[in-house]
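K.L.:
Mind looking over this structure? Questions follow.
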Amino acid sequence: MHNGKQISGWFKGVIAIAIILGIFFRFFHLDRKVYWFDEVYSTTRMAGYTIEEVRQEIFQNQILTAPALQKYQQPKPNSNLLDTIDVLIQEDAKHPPLYYSLGSLWMRQFGSSITLTRCLPALISVLALPLMFLLGIELFSSHIIASLATGLIALSPFDILFAQTVRQYSLLTVLILASSWLLLRALRLNRWQAWGWYTVVCAMGLYTHLFFSLTLLAQGVFTVSQQLFTRAPSKPFLHKLRSLFPYVLAIAGTFILYIPWTVALLTGGERTYASSNWLSSSLHFVTLIKFWILSFSSLFFDLDLGFNHPITYLLRLPFIVLIVWAFYLLWKKASHIASRFVLASSLIPFLALALPDLILGGQRSAITRYLVCSFPGIQLAVAYLLGTYLPNRRVWRGIWATILTASLASCVVSAYSSSWWSKGVSVANDKTANLLNSLETPLVISDLGDSYLNQGNLISLSYRLAEDVQLLLINEDAIAEGLSKVRTSNITDVVFYSPSSALQQQATAKWGELTFMEPPEANILYLKQD
């Protein structure tokens with residue numbers, strides 16, 4: 001066990017401060033950032049509505065006010081938890097029901113405001129802190145390394161960002177950590193009770209996100225290699241093979257528990273995966289590398305000066321070097337169990353996404369949140385690096401202070417921002433809402449749009465639009481009828497929000513050319529010119 005009396009006092013104080021600040025930032029300004037597209041769809045399903053049902057109700061050539069759209073973010077009358085699960089089965093079974101079920105129960109009990117709905121993932125994310133500590137102890141038998149890992153995840157800009165997002169990623173992180181700790185504990189104790197807990201948590205992981213299967217793959221590779229090729233090398237191979245029996249039984253139990261949702265996935269057919277077709281679009285190799293740098297460094301530093309700005313990468317490269325160095329030191333000096341487990345849990349989930357992108361084309365590994373299965377291993381590796389050098393070398397205290405400062409600065413800037421890169425297709429919605437609210441009496445005309453993103457983005461915008469902003473939502477099968485309802489009396493501005501090409505064409509034929517409004521960042525508004 002690593003000791004170091006000369007740093008114990010300030011070290012404990014710094015870790016305590018990091019943990020307190022990390023918990024604080026998880027709950028600070030919960031309602032400040034844009035309630036983005038994916039969160040809107042999550043809440044819609046938690047409320048018991050299908051996306052298609054909402055679509056049929058709002059795009060009816062009717063003029064609505066912004067608050068009217070939020071009806072579908074509140075529990076559907078006479079609905080219950082079973083309706084939420086049924087919605088997922090009908091519409092999008094690739095999203096398993098555990099987090100949505102918790103969210104449904106939460107919003108029915110406490111309410112459906114932005115602050116309250118985001119409070120649930122924030123609370124769940126706090127559980128990651130003690131679990132990271134337990135995993136660090138199990139792997140390294142070092143309170144210093146375990147404390148460092150806990151401090152890193154507590155102040156991680158990525159973990160805090162997604163702790164404030166109404167999606168299942170904070171729960172996924174908790175279950176990755178819990179299953180990892182329980183697996184190592186079960187291998188050490190080899191008791192049926194320990195394997196039973198591992199089975200239950202793994203099933204919960206699969207019921208949270210399909211990508212938990214990447215964690216299971218990494219844990220499987222580690223367990224097989226550990227039991228067959230590392231542990232007790234003098235024992236007969238058949239005896240080693242028998243030692244895998246409890247693990248095999250646990251995994252079998254996991255998949256038996258998952259059979260009900262497997263049936264839902266299979267019966268969903270193409271509908272289940274249709275919304276993910278965009279992930280198969282290829283990116284240039286250099287672009288992929290840029291995304292990887294941004295993703296992995298976001299665990300420690302997340303200030304964005306622009307995707308193509310060279311300073312963005314110059315600031316983040318030291319953290320990439322730190323990660324690579326941590327893996328190298330782990331491989332060279334850590335125990336076989338610790339090194340193989342951390343390397344497997346970090347690299348295998350990443351490679352499972354990156355290799356298909358490189359060989360077959362795609363951008364799965366470019367989506368930062370899809371790499372969440374790799375992130376706890378990276379944080380553990382960096383904690384091992386710091387814990388190895390920190391007690392005896394003053395320069396490493398400076399490096400540790402730099403990491404904490406970078407994380408803290410990122411959290412502060414993010415906390416006071418109204419939008420962030422994680423908001424995806426809704427990243428400009430704050431500027432769009434400000435622009436619309438600056439107009440005296442606007443009429444906003446929109447339809448589903450060519451990419452069918454407008455439904456989620458309009459509801460996202462509704463949280464930031466003034467209550468008197470009027471919205472004319474056009475039915476794509478009756479565009480002319482919808483446009484005929486436009487009355488310019490008492491309307492100072494007729495604007496179009498991300499119209500489909502068909503809507504834009506008919507509007508142009510009726511009123512003349514439409515031009516982009518400023519600021520260019522909004523880039524989705526057209527103004528009718530008189």
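Chain labels run A, B, ... following the order of the structure tokens; each chain numbers its residues from 1, and ligands are numbered from 1 in the order shown.
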Just want the 9 Å neighbourhood of region 420-427 of chain A, counted on only C-alpha atoms, with same-chain residues fewer than 5 positions away dropped. Output as a compact mmCIF listing (two decimals) with all heavy atoms, in the first residue's frame.

P.N.:
# COMPACT_ATOMS: atom_id res chain seq x y z
N LYS A 33 -28.43 25.13 -18.96
CA LYS A 33 -28.12 24.73 -20.33
C LYS A 33 -29.38 24.33 -21.09
O LYS A 33 -30.38 23.90 -20.52
CB LYS A 33 -27.11 23.58 -20.34
CG LYS A 33 -25.70 23.99 -19.94
CD LYS A 33 -24.73 22.85 -20.20
CE LYS A 33 -23.31 23.26 -19.82
NZ LYS A 33 -23.19 23.54 -18.37
N VAL A 34 -29.29 24.45 -22.40
CA VAL A 34 -30.39 24.07 -23.30
C VAL A 34 -30.86 22.65 -22.97
O VAL A 34 -30.05 21.73 -22.79
CB VAL A 34 -29.90 24.14 -24.76
CG1 VAL A 34 -30.88 23.44 -25.71
CG2 VAL A 34 -29.70 25.59 -25.18
N TYR A 35 -32.17 22.50 -22.87
CA TYR A 35 -32.76 21.17 -22.71
C TYR A 35 -32.85 20.57 -24.10
O TYR A 35 -33.80 20.79 -24.84
CB TYR A 35 -34.15 21.30 -22.07
CG TYR A 35 -34.67 20.03 -21.44
CD1 TYR A 35 -34.12 19.56 -20.25
CD2 TYR A 35 -35.70 19.30 -22.02
CE1 TYR A 35 -34.60 18.41 -19.65
CE2 TYR A 35 -36.18 18.15 -21.43
CZ TYR A 35 -35.63 17.71 -20.24
OH TYR A 35 -36.10 16.56 -19.65
N TRP A 36 -31.88 19.78 -24.45
CA TRP A 36 -31.66 19.49 -25.88
C TRP A 36 -32.51 18.32 -26.39
O TRP A 36 -33.23 17.65 -25.64
CB TRP A 36 -30.18 19.27 -26.15
CG TRP A 36 -29.55 17.97 -25.78
CD1 TRP A 36 -29.34 17.50 -24.53
CD2 TRP A 36 -29.01 17.00 -26.68
NE1 TRP A 36 -28.69 16.29 -24.59
CE2 TRP A 36 -28.48 15.95 -25.90
CE3 TRP A 36 -28.90 16.89 -28.06
CZ2 TRP A 36 -27.86 14.83 -26.45
CZ3 TRP A 36 -28.28 15.78 -28.62
CH2 TRP A 36 -27.78 14.77 -27.81
N PHE A 37 -32.40 18.12 -27.70
CA PHE A 37 -33.22 17.17 -28.46
C PHE A 37 -33.35 15.81 -27.77
O PHE A 37 -34.45 15.30 -27.57
CB PHE A 37 -32.56 17.00 -29.84
CG PHE A 37 -33.30 16.10 -30.79
CD1 PHE A 37 -34.16 16.64 -31.74
CD2 PHE A 37 -33.11 14.73 -30.78
CE1 PHE A 37 -34.83 15.82 -32.63
CE2 PHE A 37 -33.78 13.91 -31.66
CZ PHE A 37 -34.64 14.45 -32.59
N ASP A 38 -32.23 15.19 -27.41
CA ASP A 38 -32.29 13.86 -26.81
C ASP A 38 -33.00 13.87 -25.45
O ASP A 38 -33.71 12.92 -25.10
CB ASP A 38 -30.87 13.30 -26.64
CG ASP A 38 -30.33 12.70 -27.93
OD1 ASP A 38 -30.96 12.92 -28.99
OD2 ASP A 38 -29.30 12.02 -27.89
N LEU A 161 -20.89 17.02 -16.82
CA LEU A 161 -21.75 17.43 -17.93
C LEU A 161 -22.90 16.45 -18.14
O LEU A 161 -24.06 16.85 -18.29
CB LEU A 161 -20.90 17.54 -19.20
CG LEU A 161 -21.53 18.19 -20.43
CD1 LEU A 161 -21.92 19.62 -20.14
CD2 LEU A 161 -20.57 18.12 -21.61
N PHE A 162 -22.59 15.16 -18.12
CA PHE A 162 -23.63 14.17 -18.37
C PHE A 162 -24.39 13.79 -17.10
O PHE A 162 -25.44 13.15 -17.19
CB PHE A 162 -23.04 12.96 -19.07
CG PHE A 162 -22.88 13.22 -20.55
CD1 PHE A 162 -21.72 13.80 -21.04
CD2 PHE A 162 -23.90 12.93 -21.43
CE1 PHE A 162 -21.59 14.09 -22.38
CE2 PHE A 162 -23.78 13.21 -22.77
CZ PHE A 162 -22.62 13.79 -23.26
N ASP A 304 -13.57 24.73 -25.02
CA ASP A 304 -13.62 24.58 -26.47
C ASP A 304 -13.43 25.94 -27.14
O ASP A 304 -14.24 26.84 -26.98
CB ASP A 304 -14.97 23.97 -26.87
CG ASP A 304 -15.01 23.60 -28.34
OD1 ASP A 304 -13.96 23.67 -29.00
OD2 ASP A 304 -16.10 23.25 -28.82
N THR A 368 -18.61 11.25 -28.19
CA THR A 368 -17.95 11.18 -26.88
C THR A 368 -18.72 10.32 -25.88
O THR A 368 -18.14 9.49 -25.18
CB THR A 368 -17.75 12.59 -26.31
OG1 THR A 368 -17.01 13.38 -27.24
CG2 THR A 368 -16.99 12.55 -24.99
N ARG A 369 -20.03 10.49 -25.83
CA ARG A 369 -20.81 9.75 -24.82
C ARG A 369 -20.81 8.25 -25.10
O ARG A 369 -21.08 7.46 -24.20
CB ARG A 369 -22.24 10.29 -24.75
CG ARG A 369 -23.05 10.15 -26.03
CD ARG A 369 -24.38 10.87 -25.90
NE ARG A 369 -25.23 10.71 -27.09
CZ ARG A 369 -25.17 11.49 -28.16
NH1 ARG A 369 -24.28 12.47 -28.20
NH2 ARG A 369 -25.98 11.28 -29.19
N SER A 414 -18.30 25.88 -17.93
CA SER A 414 -19.46 25.10 -18.38
C SER A 414 -20.70 25.44 -17.55
O SER A 414 -21.80 25.57 -18.10
CB SER A 414 -19.16 23.60 -18.29
OG SER A 414 -20.29 22.83 -18.60
N LEU A 453 -35.76 16.68 -37.48
CA LEU A 453 -35.25 17.06 -36.17
C LEU A 453 -36.08 18.15 -35.49
O LEU A 453 -35.91 18.43 -34.31
CB LEU A 453 -33.80 17.56 -36.28
CG LEU A 453 -32.76 16.53 -36.75
CD1 LEU A 453 -31.41 17.21 -36.95
CD2 LEU A 453 -32.65 15.39 -35.76
N GLY A 456 -38.23 17.64 -31.93
CA GLY A 456 -37.48 17.72 -30.69
C GLY A 456 -36.92 19.10 -30.44
O GLY A 456 -36.94 19.60 -29.30
N ASN A 457 -36.44 19.76 -31.48
CA ASN A 457 -35.84 21.07 -31.30
C ASN A 457 -36.88 22.15 -30.99
O ASN A 457 -36.60 23.11 -30.27
CB ASN A 457 -35.03 21.46 -32.54
CG ASN A 457 -33.60 20.97 -32.46
OD1 ASN A 457 -33.05 20.83 -31.36
ND2 ASN A 457 -32.97 20.71 -33.59
N SER A 460 -37.58 21.75 -27.43
CA SER A 460 -36.40 22.28 -26.74
C SER A 460 -36.45 23.81 -26.69
O SER A 460 -36.24 24.42 -25.64
CB SER A 460 -35.13 21.82 -27.46
OG SER A 460 -34.00 22.53 -27.02
N LEU A 461 -36.78 24.44 -27.81
CA LEU A 461 -36.88 25.90 -27.88
C LEU A 461 -37.99 26.44 -26.98
O LEU A 461 -37.87 27.54 -26.43
CB LEU A 461 -37.14 26.35 -29.32
CG LEU A 461 -35.95 26.42 -30.27
CD1 LEU A 461 -36.43 26.65 -31.69
CD2 LEU A 461 -35.00 27.54 -29.84

K.L.:
For the atom pair CA of Leu358 (chain A) and CA of Lys290 (chain A), what is the interatomic distance in Å to one decimal place?

P.N.:
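So the two atoms, CA of Leu358 (chain A) and CA of Lys290 (chain A), lie 14.0 Å apart.
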
K.L.:
Could you pull the residues within 10 Å of Ile17 (chain A), counting only C-alpha atoms, minus those fewer than 6 positions along the same chain, as an NGL selection string?

P.N.:
:A and (11 or 23 or 151 or 154-155)

K.L.:
Create the file for the chosen residues now, containing all heavy atoms and written as a short mmCIF file (atom, residue, chain, number, x, y, z; two decimals), in the first residue's frame.

P.N.:
data_model
loop_
_atom_site.label_atom_id
_atom_site.label_comp_id
_atom_site.auth_asym_id
_atom_site.auth_seq_id
_atom_site.Cartn_x
_atom_site.Cartn_y
_atom_site.Cartn_z
N PHE A 11 -3.05 16.18 1.26
CA PHE A 11 -3.64 15.29 0.26
C PHE A 11 -5.11 15.01 0.59
O PHE A 11 -5.99 15.11 -0.26
CB PHE A 11 -2.85 13.99 0.21
CG PHE A 11 -3.42 12.96 -0.75
CD1 PHE A 11 -3.20 13.08 -2.10
CD2 PHE A 11 -4.17 11.90 -0.27
CE1 PHE A 11 -3.72 12.15 -2.98
CE2 PHE A 11 -4.69 10.96 -1.14
CZ PHE A 11 -4.47 11.09 -2.50
N ILE A 23 -19.51 17.31 -6.33
CA ILE A 23 -20.93 17.15 -6.01
C ILE A 23 -21.67 18.46 -6.21
O ILE A 23 -22.79 18.50 -6.75
CB ILE A 23 -21.09 16.64 -4.56
CG1 ILE A 23 -20.50 15.22 -4.45
CG2 ILE A 23 -22.55 16.65 -4.14
CD1 ILE A 23 -20.45 14.68 -3.02
N GLY A 151 -11.18 11.54 -6.76
CA GLY A 151 -11.07 12.97 -7.04
C GLY A 151 -11.18 13.28 -8.52
O GLY A 151 -11.81 14.28 -8.92
N ALA A 154 -14.78 12.82 -9.61
CA ALA A 154 -15.63 13.84 -8.96
C ALA A 154 -15.61 15.14 -9.74
O ALA A 154 -16.66 15.76 -9.96
CB ALA A 154 -15.15 14.08 -7.53
N LEU A 155 -14.43 15.57 -10.19
CA LEU A 155 -14.29 16.85 -10.90
C LEU A 155 -14.17 16.69 -12.41
O LEU A 155 -13.84 17.65 -13.09
CB LEU A 155 -13.07 17.62 -10.36
CG LEU A 155 -13.33 18.60 -9.22
CD1 LEU A 155 -12.04 19.33 -8.86
CD2 LEU A 155 -14.40 19.63 -9.60
#

K.L.:
I'd like the neighbourhood of Val372 (chain A) as a ChimeraX atom specification, where a residue qualifies if any of its atoms comes within 9 Å (using only C-alpha atoms), though same-chain residues fewer than 4 positions away should be ignored.

P.N.:
/A:169,172-173,211,349,368,376

K.L.:
Can you tell me which residues surround Leu131 (chain A) at a distance of at most 8 Å, considering only C-alpha atoms, apart from same-chain residues fewer than 5 positions away, and format the answer as a ChimeraX atom specification?

P.N.:
/A:174,177-178,181

K.L.:
Counting only C-alpha atoms, what is within 10 Å of Ala401 (chain A), bar same-chain residues fewer than 6 positions away, as a list in words?

P.N.:
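Surrounding residues, per the criterion: Val14, Val395 and Ser407 of chain A.
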
K.L.:
One number please: CA of Ser298 (chain A) to CA of Ser179 (chain A), in Å, one decimal.

P.N.:
23.7 Å

K.L.:
Could you pull the residues within 12 Å of Ala264 (chain A), counting only C-alpha atoms, minus those fewer than 2 positions along the same chain, as a list in words?

P.N.:
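Residues near the query, excluding close chain neighbours: Ile85, Asp86, Val87, Leu88, Ile89, Gln90, Glu91, Asp92, Ala93, Lys94, His95, Pro96, Pro97, Tyr207, Tyr258, Ile259, Pro260, Trp261, Thr262, Leu266, Thr267, Gly268, Gly269, Arg271 and Thr272 of chain A.
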
K.L.:
Would you mind telling me which residue in A:Thr199, A:Gln227, A:Thr50, A:Ser113 lies nearest to Arg340 (chain A) when using only C-alpha atoms?

P.N.:
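Smallest separation from Arg340 (chain A) among the options: A:Gln227.
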
K.L.:
Out of region 300-429 of chain A, which residues get helix (DSSP H, G or I) from DSSP, as number ranges by chain?

P.N.:
A: 310-333, 336-359, 364-366, 368-371, 375-389, 394-415, 421-426, 429

K.L.:
Looking at A:Phe59, A:Tyr313, A:Trp325, A:Tyr370, which one is nearest to Leu471 (chain A), with distances taken over only C-alpha atoms?

P.N.:
A:Phe59

K.L.:
Pick from A:Ile337, A:Ile459, A:Val263, A:Ile137: nearest to Lys71 (chain A), with only C-alpha atoms counted?

P.N.:
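Of A:Ile337, A:Ile459, A:Val263, A:Ile137, the one nearest Lys71 (chain A) is A:Ile459, counting only C-alpha atoms.
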
K.L.:
From the set A:Ala122, A:Val494, A:Ser281, A:Ser225, which residue has the shortest atom-to-atom contact distance to Pro356 (chain A), counting only C-alpha atoms?

P.N.:
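Using only C-alpha atoms, the shortest distance to Pro356 (chain A) belongs to A:Ser281.
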
K.L.:
Could the residues of region 129-193 of chain A that have an atom at most 10 Å from region 244-255 of chain A be listed as a Markdown table, each with its closest atom pair and the distance in Å to one decimal, counting only C-alpha atoms and ordered by chain and ascending residue number?

P.N.:
| residue | atom | partner | partner_atom | distance |
| --- | --- | --- | --- | --- |
| A:Leu183 | CA | A:Tyr247 | CA | 8.7 |
| A:Ala186 | CA | A:Tyr247 | CA | 8.7 |
| A:Leu187 | CA | A:Tyr247 | CA | 8.4 |
| A:Asn190 | CA | A:Pro246 | CA | 7.8 |
| A:Arg191 | CA | A:Pro246 | CA | 8.7 |
| A:Trp192 | CA | A:Pro246 | CA | 7.7 |

K.L.:
What is the distance between CA of Pro130 (chain A) and CA of Gly9 (chain A), in Å to one decimal?

P.N.:
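CA of Gly9 (chain A) lies at a distance of 20.5 Å from CA of Pro130 (chain A).
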
K.L.:
Would you please work out which residue, of A:Phe28, A:Phe341, A:Trp197, A:Phe350, is nearest to Leu175 (chain A) when using only C-alpha atoms?

P.N.:
A:Trp197

K.L.:
Go through A:Arg26, A:Arg118, A:His143, A:Arg188 one by one, measure the shortest atom-to-atom distance of each to Ile160 (chain A) using only C-alpha atoms, and give the residue with the smallest value.

P.N.:
A:Arg26
